[in-house]
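Coordinates as given in target_26.csv (CSV, C-alpha atoms):
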```csv
chain,number,residue,atom,x,y,z
A,1,MET,CA,0.0,0.0,0.0
A,2,ALA,CA,2.0,2.9,-1.3
A,3,ASP,CA,1.8,6.1,0.7
A,4,ASP,CA,1.8,9.4,-1.2
A,5,ARG,CA,4.7,11.4,0.2
A,6,LEU,CA,2.9,14.7,0.3
A,7,THR,CA,-0.1,13.2,2.0
A,8,LEU,CA,2.2,11.7,4.6
A,9,ALA,CA,4.1,14.9,5.2
A,10,THR,CA,0.8,16.8,5.6
A,11,ASP,CA,-0.5,14.2,8.0
A,12,VAL,CA,2.7,14.3,10.1
A,13,GLN,CA,2.7,18.1,10.2
A,14,ALA,CA,-0.9,18.1,11.4
A,15,ALA,CA,0.0,15.6,14.1
A,16,ILE,CA,3.1,17.4,15.4
A,17,ARG,CA,2.5,19.6,18.5
A,18,SER,CA,4.4,22.9,18.6
A,19,ILE,CA,5.4,24.1,22.0
A,20,PRO,CA,6.7,27.6,22.5
A,21,ASP,CA,9.7,28.4,24.7
A,22,PHE,CA,11.0,24.9,25.1
A,23,PRO,CA,13.6,24.1,26.1
A,24,LYS,CA,14.3,27.8,26.5
A,25,PRO,CA,12.6,31.1,25.7
A,26,GLY,CA,12.3,31.9,22.0
A,27,ILE,CA,12.4,28.3,20.8
A,28,LEU,CA,9.4,26.7,19.2
A,29,PHE,CA,9.8,23.0,19.9
A,30,ARG,CA,8.3,20.5,17.5
A,31,ASP,CA,6.9,17.7,19.7
A,32,ILE,CA,6.8,14.4,17.8
A,33,THR,CA,5.2,12.4,20.6
A,34,THR,CA,1.7,13.3,19.3
A,35,ALA,CA,2.7,11.8,16.0
A,36,LEU,CA,4.0,8.6,17.7
A,37,MET,CA,0.6,8.3,19.5
A,38,ASP,CA,-1.1,7.8,16.2
A,39,GLY,CA,-0.1,4.2,15.6
A,40,PRO,CA,-1.0,3.9,11.9
A,41,LEU,CA,0.7,7.3,11.2
A,42,PHE,CA,3.9,6.2,13.0
A,43,ALA,CA,3.9,2.9,11.0
A,44,ARG,CA,3.5,4.9,7.7
A,45,VAL,CA,6.5,7.1,8.7
A,46,CYS,CA,8.6,4.0,9.3
A,47,ASP,CA,7.5,2.6,6.0
A,48,HIS,CA,8.5,5.8,4.3
A,49,PHE,CA,12.0,5.7,5.8
A,50,SER,CA,12.3,2.0,4.9
A,51,GLY,CA,11.4,2.8,1.3
A,52,LEU,CA,14.2,5.3,1.1
A,53,VAL,CA,16.7,3.0,2.7
A,54,ARG,CA,15.8,0.2,0.3
A,55,GLU,CA,16.0,2.6,-2.7
A,56,LYS,CA,19.6,3.6,-1.7
A,57,GLY,CA,20.6,-0.1,-1.3
A,58,CYS,CA,21.9,0.4,2.3
A,59,ASN,CA,22.9,-2.6,4.3
A,60,VAL,CA,23.2,-0.9,7.7
A,61,VAL,CA,20.8,1.5,9.5
A,62,ALA,CA,22.4,3.9,12.1
A,63,GLY,CA,20.4,5.6,14.8
A,64,ILE,CA,21.5,8.4,17.1
A,65,GLU,CA,20.5,8.2,20.8
A,66,SER,CA,17.9,8.5,21.7
A,67,ARG,CA,15.1,9.8,19.4
A,68,GLY,CA,16.9,8.4,16.4
A,69,PHE,CA,16.4,4.9,17.8
A,70,ILE,CA,12.6,5.5,17.5
A,71,PHE,CA,12.8,5.6,13.7
A,72,GLY,CA,16.1,3.7,13.0
A,73,ALA,CA,15.1,0.6,14.9
A,74,PRO,CA,11.8,-0.1,13.1
A,75,VAL,CA,13.5,0.5,9.7
A,76,ALA,CA,16.3,-2.0,10.6
A,77,ALA,CA,13.8,-4.5,11.8
A,78,ALA,CA,11.4,-4.2,8.9
A,79,LEU,CA,14.3,-4.6,6.3
A,80,ARG,CA,16.1,-7.2,8.5
A,81,LEU,CA,19.2,-5.0,8.5
A,82,PRO,CA,21.8,-4.4,11.3
A,83,LEU,CA,21.1,-1.5,13.6
A,84,ALA,CA,24.3,0.5,14.5
A,85,LEU,CA,24.0,2.6,17.6
A,86,ILE,CA,25.4,6.1,17.9
A,87,ARG,CA,25.4,6.9,21.6
A,88,LYS,CA,26.4,9.5,24.2
A,89,PRO,CA,29.8,8.9,25.8
A,90,GLY,CA,30.3,6.1,28.3
A,91,LYS,CA,27.2,4.1,27.3
A,92,LEU,CA,28.9,1.6,24.9
A,93,PRO,CA,30.8,-1.1,26.7
A,94,TRP,CA,33.2,-2.3,24.1
A,95,LYS,CA,35.9,-0.6,22.0
A,96,THR,CA,34.6,2.8,20.8
A,97,ARG,CA,35.5,5.5,18.3
A,98,SER,CA,34.3,9.0,19.2
A,99,VAL,CA,33.8,12.4,17.6
A,100,SER,CA,33.3,15.7,19.3
A,101,TYR,CA,31.5,18.7,17.8
A,102,ASP,CA,30.8,22.3,18.7
A,103,LEU,CA,27.6,23.5,20.4
A,104,GLU,CA,26.5,27.0,20.9
A,105,TYR,CA,28.4,26.9,24.2
A,106,GLY,CA,30.9,24.1,24.7
A,107,THR,CA,31.2,20.8,22.8
A,108,ASP,CA,29.4,17.4,22.7
A,109,THR,CA,30.6,13.9,21.9
A,110,ILE,CA,29.1,10.8,20.3
A,111,GLU,CA,30.5,7.3,20.1
A,112,MET,CA,30.1,4.1,18.1
A,113,HIS,CA,31.5,0.6,18.7
A,114,GLU,CA,34.4,0.0,16.3
A,115,ASP,CA,32.6,-3.0,14.9
A,116,ALA,CA,29.2,-1.3,14.4
A,117,VAL,CA,30.1,-0.4,10.8
A,118,LYS,CA,32.5,-2.3,8.5
A,119,PRO,CA,34.6,-0.9,5.6
A,120,GLY,CA,32.4,-0.8,2.5
A,121,ASP,CA,29.1,-0.8,4.4
A,122,ARG,CA,26.4,1.5,2.8
A,123,VAL,CA,24.9,3.2,5.9
A,124,ALA,CA,21.6,4.9,6.2
A,125,LEU,CA,21.5,7.5,9.0
A,126,VAL,CA,17.9,7.9,10.2
A,127,ASP,CA,17.0,10.6,12.7
A,128,ASP,CA,14.1,12.7,13.9
A,129,LEU,CA,15.3,16.2,13.4
A,130,LEU,CA,17.8,18.2,11.4
A,131,ALA,CA,18.5,21.5,13.2
A,132,THR,CA,22.0,22.9,13.0
A,133,GLY,CA,23.3,19.6,11.8
A,134,GLY,CA,26.0,19.3,14.4
A,135,THR,CA,25.1,15.8,15.6
A,136,ALA,CA,24.4,14.5,12.2
A,137,GLY,CA,27.6,15.8,10.8
A,138,ALA,CA,29.5,14.2,13.7
A,139,ALA,CA,27.7,10.9,13.1
A,140,VAL,CA,28.7,11.0,9.4
A,141,ARG,CA,32.4,11.6,10.4
A,142,LEU,CA,32.2,8.6,12.8
A,143,ILE,CA,30.8,6.3,10.1
A,144,HIS,CA,33.4,7.5,7.6
A,145,ASP,CA,36.1,6.9,10.3
A,146,LEU,CA,35.0,3.3,10.5
A,147,GLY,CA,35.2,2.9,6.7
A,148,GLY,CA,31.5,3.1,6.0
A,149,GLU,CA,29.8,5.1,3.2
A,150,VAL,CA,26.8,7.2,4.2
A,151,ALA,CA,24.4,6.5,1.3
A,152,LEU,CA,21.4,8.3,2.9
A,153,VAL,CA,20.8,10.8,5.7
A,154,THR,CA,17.1,11.1,6.4
A,155,PHE,CA,15.0,13.1,8.9
A,156,LEU,CA,11.4,13.4,9.9
A,157,ILE,CA,11.7,17.1,10.4
A,158,GLU,CA,14.1,19.7,9.0
A,159,LEU,CA,14.3,23.3,10.4
A,160,GLU,CA,15.4,24.9,7.2
A,161,GLY,CA,16.4,28.3,8.8
A,162,LEU,CA,19.2,26.7,10.7
A,163,ASN,CA,20.9,25.6,7.5
A,164,GLY,CA,21.9,22.1,8.9
A,165,ARG,CA,22.3,20.8,5.3
A,166,ALA,CA,25.4,22.9,4.9
A,167,GLY,CA,27.4,20.7,7.3
A,168,LEU,CA,26.3,17.5,5.5
A,169,ASP,CA,28.3,18.3,2.3
A,170,ASP,CA,27.1,16.6,-0.8
A,171,LEU,CA,25.4,13.7,1.0
A,172,HIS,CA,21.9,12.6,0.0
A,173,VAL,CA,19.8,14.3,2.6
A,174,ASP,CA,16.0,13.7,2.7
A,175,SER,CA,13.6,15.4,5.1
A,176,LEU,CA,9.9,14.6,5.2
A,177,VAL,CA,8.6,17.7,6.9
A,178,VAL,CA,10.4,21.1,6.5
A,179,TYR,CA,9.7,24.1,8.7
B,1,MET,CA,7.1,-18.0,9.7
B,2,ALA,CA,6.9,-18.9,13.4
B,3,ASP,CA,10.1,-18.8,15.4
B,4,ASP,CA,10.7,-21.3,18.1
B,5,ARG,CA,11.1,-19.5,21.3
B,6,LEU,CA,13.9,-21.7,22.6
B,7,THR,CA,15.9,-21.5,19.3
B,8,LEU,CA,15.5,-17.7,19.3
B,9,ALA,CA,16.7,-17.5,23.0
B,10,THR,CA,19.7,-19.7,22.2
B,11,ASP,CA,20.6,-17.6,19.1
B,12,VAL,CA,20.3,-14.3,21.1
B,13,GLN,CA,22.4,-15.7,23.9
B,14,ALA,CA,25.1,-16.7,21.4
B,15,ALA,CA,25.0,-13.3,19.9
B,16,ILE,CA,25.3,-11.3,23.1
B,17,ARG,CA,28.8,-10.1,24.0
B,18,SER,CA,29.7,-10.3,27.7
B,19,ILE,CA,32.1,-7.6,28.9
B,20,PRO,CA,33.7,-7.9,32.3
B,21,ASP,CA,34.0,-4.9,34.7
B,22,PHE,CA,31.6,-2.5,32.8
B,23,PRO,CA,30.5,0.0,33.9
B,24,LYS,CA,32.4,-0.8,37.1
B,25,PRO,CA,34.6,-3.5,38.5
B,26,GLY,CA,32.8,-6.8,39.3
B,27,ILE,CA,29.9,-6.2,36.8
B,28,LEU,CA,29.6,-8.5,33.8
B,29,PHE,CA,27.8,-6.3,31.2
B,30,ARG,CA,25.6,-8.0,28.6
B,31,ASP,CA,26.2,-6.1,25.4
B,32,ILE,CA,23.2,-6.4,23.1
B,33,THR,CA,24.8,-4.4,20.2
B,34,THR,CA,26.3,-7.6,18.7
B,35,ALA,CA,22.8,-9.0,18.6
B,36,LEU,CA,21.5,-5.8,16.9
B,37,MET,CA,24.3,-6.1,14.3
B,38,ASP,CA,22.7,-9.4,13.1
B,39,GLY,CA,19.8,-7.9,11.1
B,40,PRO,CA,17.7,-11.1,10.7
B,41,LEU,CA,18.2,-11.9,14.4
B,42,PHE,CA,17.1,-8.4,15.5
B,43,ALA,CA,14.0,-8.8,13.3
B,44,ARG,CA,13.2,-12.1,14.9
B,45,VAL,CA,13.5,-10.6,18.4
B,46,CYS,CA,11.1,-7.8,17.4
B,47,ASP,CA,8.7,-10.4,15.9
B,48,HIS,CA,8.8,-12.3,19.2
B,49,PHE,CA,7.9,-9.2,21.2
B,50,SER,CA,5.2,-8.3,18.7
B,51,GLY,CA,3.7,-11.8,19.1
B,52,LEU,CA,3.5,-11.3,22.9
B,53,VAL,CA,2.0,-7.8,22.6
B,54,ARG,CA,-0.7,-9.1,20.2
B,55,GLU,CA,-1.4,-12.1,22.4
B,56,LYS,CA,-2.1,-9.8,25.4
B,57,GLY,CA,-4.4,-7.6,23.3
B,58,CYS,CA,-2.4,-4.4,24.1
B,59,ASN,CA,-3.3,-1.2,22.4
B,60,VAL,CA,-0.3,0.9,23.4
B,61,VAL,CA,3.5,0.0,23.5
B,62,ALA,CA,5.6,1.9,26.0
B,63,GLY,CA,9.4,2.2,25.7
B,64,ILE,CA,11.9,3.4,28.3
B,65,GLU,CA,14.7,5.7,27.1
B,66,SER,CA,16.9,4.9,25.5
B,67,ARG,CA,17.5,1.2,24.9
B,68,GLY,CA,13.8,0.4,25.4
B,69,PHE,CA,13.1,2.5,22.2
B,70,ILE,CA,15.2,0.0,20.2
B,71,PHE,CA,12.6,-2.8,20.9
B,72,GLY,CA,9.5,-0.8,21.7
B,73,ALA,CA,9.5,1.3,18.5
B,74,PRO,CA,9.7,-1.7,16.0
B,75,VAL,CA,6.9,-3.5,17.9
B,76,ALA,CA,4.6,-0.4,17.8
B,77,ALA,CA,5.4,0.2,14.1
B,78,ALA,CA,4.8,-3.5,13.1
B,79,LEU,CA,1.5,-3.6,15.0
B,80,ARG,CA,0.5,-0.1,14.0
B,81,LEU,CA,0.1,0.8,17.7
B,82,PRO,CA,0.9,4.1,19.5
B,83,LEU,CA,4.4,4.3,21.0
B,84,ALA,CA,4.4,6.0,24.5
B,85,LEU,CA,7.8,7.4,25.5
B,86,ILE,CA,9.1,7.1,29.0
B,87,ARG,CA,12.0,9.5,29.3
B,88,LYS,CA,14.6,11.0,31.6
B,89,PRO,CA,13.6,14.3,33.2
B,90,GLY,CA,13.5,17.5,31.2
B,91,LYS,CA,13.2,15.8,27.7
B,92,LEU,CA,9.5,15.9,27.2
B,93,PRO,CA,8.2,19.3,26.3
B,94,TRP,CA,4.5,19.1,27.2
B,95,LYS,CA,2.7,18.4,30.5
B,96,THR,CA,4.4,15.5,32.3
B,97,ARG,CA,3.9,13.1,35.1
B,98,SER,CA,7.0,11.8,36.9
B,99,VAL,CA,8.0,9.1,39.3
B,100,SER,CA,11.2,8.8,41.3
B,101,TYR,CA,12.8,5.6,42.4
B,102,ASP,CA,15.8,4.6,44.6
B,103,LEU,CA,19.2,3.6,43.2
B,104,GLU,CA,22.1,2.0,45.1
B,105,TYR,CA,23.2,5.6,45.8
B,106,GLY,CA,20.6,8.4,45.4
B,107,THR,CA,17.5,8.4,43.3
B,108,ASP,CA,16.5,8.6,39.6
B,109,THR,CA,13.4,10.0,37.9
B,110,ILE,CA,11.4,9.1,34.7
B,111,GLU,CA,8.6,11.1,33.0
B,112,MET,CA,5.7,10.6,30.6
B,113,HIS,CA,3.5,13.0,28.9
B,114,GLU,CA,0.1,13.1,30.5
B,115,ASP,CA,-1.6,12.2,27.2
B,116,ALA,CA,0.8,9.3,26.4
B,117,VAL,CA,-1.6,6.8,28.0
B,118,LYS,CA,-5.3,7.1,28.5
B,119,PRO,CA,-7.6,5.5,31.1
B,120,GLY,CA,-8.4,2.0,30.1
B,121,ASP,CA,-5.4,1.5,27.8
B,122,ARG,CA,-3.8,-1.9,27.8
B,123,VAL,CA,-0.1,-1.1,27.8
B,124,ALA,CA,2.8,-3.3,26.9
B,125,LEU,CA,6.1,-2.3,28.4
B,126,VAL,CA,9.0,-3.5,26.3
B,127,ASP,CA,12.6,-3.1,27.5
B,128,ASP,CA,16.0,-4.6,27.0
B,129,LEU,CA,17.0,-5.6,30.5
B,130,LEU,CA,15.4,-6.5,33.8
B,131,ALA,CA,18.1,-6.0,36.5
B,132,THR,CA,16.9,-4.7,39.9
B,133,GLY,CA,13.6,-3.7,38.4
B,134,GLY,CA,13.8,-0.1,39.7
B,135,THR,CA,13.2,1.6,36.3
B,136,ALA,CA,10.5,-0.9,35.2
B,137,GLY,CA,8.7,-0.6,38.5
B,138,ALA,CA,8.7,3.1,38.3
B,139,ALA,CA,7.4,2.9,34.7
B,140,VAL,CA,4.5,0.7,35.8
B,141,ARG,CA,3.6,3.2,38.5
B,142,LEU,CA,3.6,6.0,35.9
B,143,ILE,CA,1.4,4.1,33.5
B,144,HIS,CA,-1.0,3.3,36.4
B,145,ASP,CA,-1.0,7.0,37.5
B,146,LEU,CA,-2.3,7.8,34.0
B,147,GLY,CA,-5.1,5.3,34.3
B,148,GLY,CA,-3.5,2.6,32.1
B,149,GLU,CA,-3.4,-1.1,32.7
B,150,VAL,CA,0.0,-2.8,32.3
B,151,ALA,CA,-1.0,-6.0,30.4
B,152,LEU,CA,2.6,-7.1,29.7
B,153,VAL,CA,6.1,-6.4,30.8
B,154,THR,CA,8.7,-8.0,28.5
B,155,PHE,CA,12.4,-8.0,28.4
B,156,LEU,CA,15.1,-9.3,26.1
B,157,ILE,CA,17.3,-10.2,29.1
B,158,GLU,CA,16.6,-10.9,32.8
B,159,LEU,CA,19.4,-11.0,35.4
B,160,GLU,CA,17.6,-13.5,37.7
B,161,GLY,CA,20.0,-13.0,40.6
B,162,LEU,CA,19.0,-9.4,41.1
B,163,ASN,CA,15.4,-10.5,41.7
B,164,GLY,CA,13.8,-7.7,39.7
B,165,ARG,CA,10.5,-9.5,39.3
B,166,ALA,CA,9.8,-9.0,43.0
B,167,GLY,CA,9.2,-5.3,42.4
B,168,LEU,CA,6.8,-6.0,39.5
B,169,ASP,CA,4.1,-7.5,41.7
B,170,ASP,CA,1.7,-9.9,40.0
B,171,LEU,CA,2.2,-8.4,36.5
B,172,HIS,CA,2.7,-10.7,33.5
B,173,VAL,CA,6.5,-10.6,33.1
B,174,ASP,CA,8.2,-12.3,30.2
B,175,SER,CA,12.0,-12.4,29.6
B,176,LEU,CA,13.5,-14.2,26.6
B,177,VAL,CA,17.0,-14.8,27.9
B,178,VAL,CA,17.7,-15.4,31.6
B,179,TYR,CA,21.1,-15.2,33.1
```
What do you get writing this file as C-alpha cells?
Amino acid sequence: MADDRLTLATDVQAAIRSIPDFPKPGILFRDITTALMDGPLFARVCDHFSGLVREKGCNVVAGIESRGFIFGAPVAAALRLPLALIRKPGKLPWKTRSVSYDLEYGTDTIEMHEDAVKPGDRVALVDDLLATGGTAGAAVRLIHDLGGEVALVTFLIELEGLNGRAGLDDLHVDSLVVY
Amino acid sequence: MADDRLTLATDVQAAIRSIPDFPKPGILFRDITTALMDGPLFARVCDHFSGLVREKGCNVVAGIESRGFIFGAPVAAALRLPLALIRKPGKLPWKTRSVSYDLEYGTDTIEMHEDAVKPGDRVALVDDLLATGGTAGAAVRLIHDLGGEVALVTFLIELEGLNGRAGLDDLHVDSLVVY
C-alpha cells in the first residue's frame, strides 16, 4: 500500500505539537510524541523511511541516541538489516570510536562501537530532526572513520532556517517535513 | 514464519557479548549491540515481542529511554500501535507526570506526557533488560498513574539473581534470555 509522500508529510505536520519556549525562551519546539501516539501514522512514517533505505541499497541502519532509535530501529527490523547505535559517551561497553562537535556553548561527543560499521558498508542514518546539523555531521564523520559510506541521511523534520544541510556536504539528505 | 522460542533465545544468547567490569569492576555487562548487528536476528526478536503484545491484546506500546526504544518502536510500528515514550527528566516538552525511584546511591526519575496513556489503555512495556527492576517498577507506576493497565512487561534479558521480578508484583513478566 504505497503512501503518497505529500499526504504523509501533511498528516505528520498536522500531528506534530508545537510548544513555544521549550527548552528555552524563544524556541518553538516540534513535539513528535503526538505523531507517535497515532499508531498507523507512526507505521506509515517508518514505511516511508524503509522505502528510502531500500532505494539507496543500504545494508546498515544507524540511529542516534535517543530519538533516532525510534525511527532507526523499526526500519532496521522491517528490512532485516543491522542496527548500528550512535550513543552518548560512556554508554557503549566495548571498544569505541568517538567524535566531538561544537555546540552554541561548549562541545558534545558521540560514540560508536568499532565493529558497528565495517569498511564498504552502505549506511543509512535515520534521525528525527535536522537542526544545526552538528550531531548528524559528527555521526557522518564517525561512520566514515570506520570505513563506511553514508548513502542516505534522512530526517522526519528539518528546520530549514538553521541551515543544517550545509554541514552535510554533498550527501543525499532527505527530510519529510520542512519548517 | 513462526520462530521457536527456545531457538531464538539460544541464538540471542550466542550473539550477546559479555564484557567484564563494565560500567564498574565486578559487573559482567551483557552487550546487546552484537545482537543488533545481526539484522535477521534483530528482526526475529522484534517479531517475538510483537507476538506477545498481540497475544495480550495491548493497544499501546511503552518504551523506556533509550534502549527500550530499540525494541518498543519496532513493535509499535509493526502492529500499527501508538508508542508511548518514558524519558529522563526535562526531555518531554509538554505536561508531564513523573515518578522517582531509589538507586544504590541516590534516586532517579522518569517522566511521561500526561496524554501518552489514556484511562483503560492496555499497555505493553518493552525493554532490553530486567536487572533490579527499579526503572521498570517506576514505569509501571507512571502508567497506572495515568489510568492505564499494564498488560505485559517484557524484556530481552533478565538477570535473575537481582530479583527484579519482586518489584513487578503480579504483573505478566516475560523475559526471553535469563542469566
Counting all atoms listed in the file, give me one row per residue of chain A with an atom at most 9 Å from an atom of chain B, showing the shortest contact pair and its distance in Å to one decimal, sorted by chain then residue number, as a tab-separated table.
```
residue	atom	partner	partner_atom	distance
A:Arg17	CA	B:Trp94	CA	8.9
A:Ile19	CA	B:Pro93	CA	7.0
A:Phe22	CA	B:Pro93	CA	6.4
A:Pro23	CA	B:Pro93	CA	7.2
A:Phe29	CA	B:Pro93	CA	7.6
A:Arg30	CA	B:Pro93	CA	8.9
A:Asp31	CA	B:Pro93	CA	6.9
A:Thr33	CA	B:Leu85	CA	7.5
A:Thr34	CA	B:Ala116	CA	8.2
A:Ala35	CA	B:Pro82	CA	8.6
A:Leu36	CA	B:Leu83	CA	5.4
A:Met37	CA	B:Pro82	CA	4.2
A:Asp38	CA	B:Pro82	CA	5.3
A:Gly39	CA	B:Leu81	CA	4.0
A:Pro40	CA	B:Arg80	CA	4.8
A:Leu41	CA	B:Arg80	CA	7.9
A:Phe42	CA	B:Ala77	CA	6.3
A:Ala43	CA	B:Ala77	CA	4.4
A:Arg44	CA	B:Ala77	CA	8.2
A:Val45	CA	B:Ala77	CA	8.8
A:Cys46	CA	B:Ala77	CA	6.9
A:Asp47	CA	B:Ala77	CA	8.7
A:Val60	CA	B:Met37	CA	8.5
A:Glu65	CA	B:Ser66	CA	6.8
A:Ser66	CA	B:Ser66	CA	5.3
A:Arg67	CA	B:Ser66	CA	8.0
A:Phe69	CA	B:Ile70	CA	5.6
A:Ile70	CA	B:Ala73	CA	5.3
A:Phe71	CA	B:Ala73	CA	7.2
A:Gly72	CA	B:Ile70	CA	8.1
A:Ala73	CA	B:Ile70	CA	5.3
A:Pro74	CA	B:Pro74	CA	3.9
A:Val75	CA	B:Pro74	CA	7.7
A:Ala76	CA	B:Gly39	CA	6.9
A:Ala77	CA	B:Ala43	CA	4.6
A:Ala78	CA	B:Ala43	CA	6.9
A:Leu79	CA	B:Gly39	CA	8.0
A:Arg80	CA	B:Gly39	CA	4.6
A:Leu81	CA	B:Gly39	CA	3.9
A:Pro82	CA	B:Gly39	CA	4.0
A:Leu83	CA	B:Leu36	CA	5.4
A:Ala84	CA	B:Met37	CA	6.6
A:Leu85	CA	B:Thr33	CA	7.5
A:Gly90	CA	B:Pro23	CA	8.3
A:Lys91	CA	B:Pro23	CA	8.4
A:Leu92	CA	B:Asp31	CA	8.2
A:Pro93	CA	B:Phe22	CA	6.3
A:Trp94	CA	B:Ile19	CA	7.2
A:His113	CA	B:Thr33	CA	8.5
A:Asp115	CA	B:Thr34	CA	8.7
A:Ala116	CA	B:Met37	CA	6.9
A:Val117	CA	B:Met37	CA	8.9
```
Please, could you write that set of residues out with C-alpha atoms as a PDB file, in the coordinates of the input?
```pdb
ATOM      1  CA  ARG A  17       2.500  19.600  18.500  1.00  0.00           C
ATOM      2  CA  ILE A  19       5.400  24.100  22.000  1.00  0.00           C
ATOM      3  CA  PHE A  22      11.000  24.900  25.100  1.00  0.00           C
ATOM      4  CA  PRO A  23      13.600  24.100  26.100  1.00  0.00           C
ATOM      5  CA  PHE A  29       9.800  23.000  19.900  1.00  0.00           C
ATOM      6  CA  ARG A  30       8.300  20.500  17.500  1.00  0.00           C
ATOM      7  CA  ASP A  31       6.900  17.700  19.700  1.00  0.00           C
ATOM      8  CA  THR A  33       5.200  12.400  20.600  1.00  0.00           C
ATOM      9  CA  THR A  34       1.700  13.300  19.300  1.00  0.00           C
ATOM     10  CA  ALA A  35       2.700  11.800  16.000  1.00  0.00           C
ATOM     11  CA  LEU A  36       4.000   8.600  17.700  1.00  0.00           C
ATOM     12  CA  MET A  37       0.600   8.300  19.500  1.00  0.00           C
ATOM     13  CA  ASP A  38      -1.100   7.800  16.200  1.00  0.00           C
ATOM     14  CA  GLY A  39      -0.100   4.200  15.600  1.00  0.00           C
ATOM     15  CA  PRO A  40      -1.000   3.900  11.900  1.00  0.00           C
ATOM     16  CA  LEU A  41       0.700   7.300  11.200  1.00  0.00           C
ATOM     17  CA  PHE A  42       3.900   6.200  13.000  1.00  0.00           C
ATOM     18  CA  ALA A  43       3.900   2.900  11.000  1.00  0.00           C
ATOM     19  CA  ARG A  44       3.500   4.900   7.700  1.00  0.00           C
ATOM     20  CA  VAL A  45       6.500   7.100   8.700  1.00  0.00           C
ATOM     21  CA  CYS A  46       8.600   4.000   9.300  1.00  0.00           C
ATOM     22  CA  ASP A  47       7.500   2.600   6.000  1.00  0.00           C
ATOM     23  CA  VAL A  60      23.200  -0.900   7.700  1.00  0.00           C
ATOM     24  CA  GLU A  65      20.500   8.200  20.800  1.00  0.00           C
ATOM     25  CA  SER A  66      17.900   8.500  21.700  1.00  0.00           C
ATOM     26  CA  ARG A  67      15.100   9.800  19.400  1.00  0.00           C
ATOM     27  CA  PHE A  69      16.400   4.900  17.800  1.00  0.00           C
ATOM     28  CA  ILE A  70      12.600   5.500  17.500  1.00  0.00           C
ATOM     29  CA  PHE A  71      12.800   5.600  13.700  1.00  0.00           C
ATOM     30  CA  GLY A  72      16.100   3.700  13.000  1.00  0.00           C
ATOM     31  CA  ALA A  73      15.100   0.600  14.900  1.00  0.00           C
ATOM     32  CA  PRO A  74      11.800  -0.100  13.100  1.00  0.00           C
ATOM     33  CA  VAL A  75      13.500   0.500   9.700  1.00  0.00           C
ATOM     34  CA  ALA A  76      16.300  -2.000  10.600  1.00  0.00           C
ATOM     35  CA  ALA A  77      13.800  -4.500  11.800  1.00  0.00           C
ATOM     36  CA  ALA A  78      11.400  -4.200   8.900  1.00  0.00           C
ATOM     37  CA  LEU A  79      14.300  -4.600   6.300  1.00  0.00           C
ATOM     38  CA  ARG A  80      16.100  -7.200   8.500  1.00  0.00           C
ATOM     39  CA  LEU A  81      19.200  -5.000   8.500  1.00  0.00           C
ATOM     40  CA  PRO A  82      21.800  -4.400  11.300  1.00  0.00           C
ATOM     41  CA  LEU A  83      21.100  -1.500  13.600  1.00  0.00           C
ATOM     42  CA  ALA A  84      24.300   0.500  14.500  1.00  0.00           C
ATOM     43  CA  LEU A  85      24.000   2.600  17.600  1.00  0.00           C
ATOM     44  CA  GLY A  90      30.300   6.100  28.300  1.00  0.00           C
ATOM     45  CA  LYS A  91      27.200   4.100  27.300  1.00  0.00           C
ATOM     46  CA  LEU A  92      28.900   1.600  24.900  1.00  0.00           C
ATOM     47  CA  PRO A  93      30.800  -1.100  26.700  1.00  0.00           C
ATOM     48  CA  TRP A  94      33.200  -2.300  24.100  1.00  0.00           C
ATOM     49  CA  HIS A 113      31.500   0.600  18.700  1.00  0.00           C
ATOM     50  CA  ASP A 115      32.600  -3.000  14.900  1.00  0.00           C
ATOM     51  CA  ALA A 116      29.200  -1.300  14.400  1.00  0.00           C
ATOM     52  CA  VAL A 117      30.100  -0.400  10.800  1.00  0.00           C
TER      53      VAL A 117
END
```
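Take the candidates B:Met112, B:Leu152, B:Ile64, B:Leu52 and check each one against Val173 (chain B) using only C-alpha atoms; the shortest distance goes to B:Leu152.
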Excluding Val53 (chain A) and its own-chain neighbours fewer than 2 positions away, which residues fall within 9 Å of it when counting all atoms listed in the file? Please give them as a PyMOL selection string. chain A and resi 48-51+55-59+61+75+79+123-124+151-152+154
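Put simply, CA of Thr10 (chain B) is 19.8 Å away from CA of Val126 (chain B).
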I'd like the contact shell of Lys118 (chain A) - 8 Å cut-off, all atoms listed in the file, skipping same-chain residues fewer than 6 positions apart - returned as a PDB file with C-alpha atoms, keeping the file's coordinate frame.
```pdb
ATOM      1  CA  LEU A 146      35.000   3.300  10.500  1.00  0.00           C
ATOM      2  CA  GLY A 147      35.200   2.900   6.700  1.00  0.00           C
ATOM      3  CA  GLY A 148      31.500   3.100   6.000  1.00  0.00           C
TER       4      GLY A 148
END
```
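Across the model, the gap from CA of Thr107 (chain A) to CA of Leu130 (chain A) is 17.8 Å.
Distance-wise, CA of Gly167 (chain A) and CA of Asp108 (chain A) end up 15.9 Å apart.
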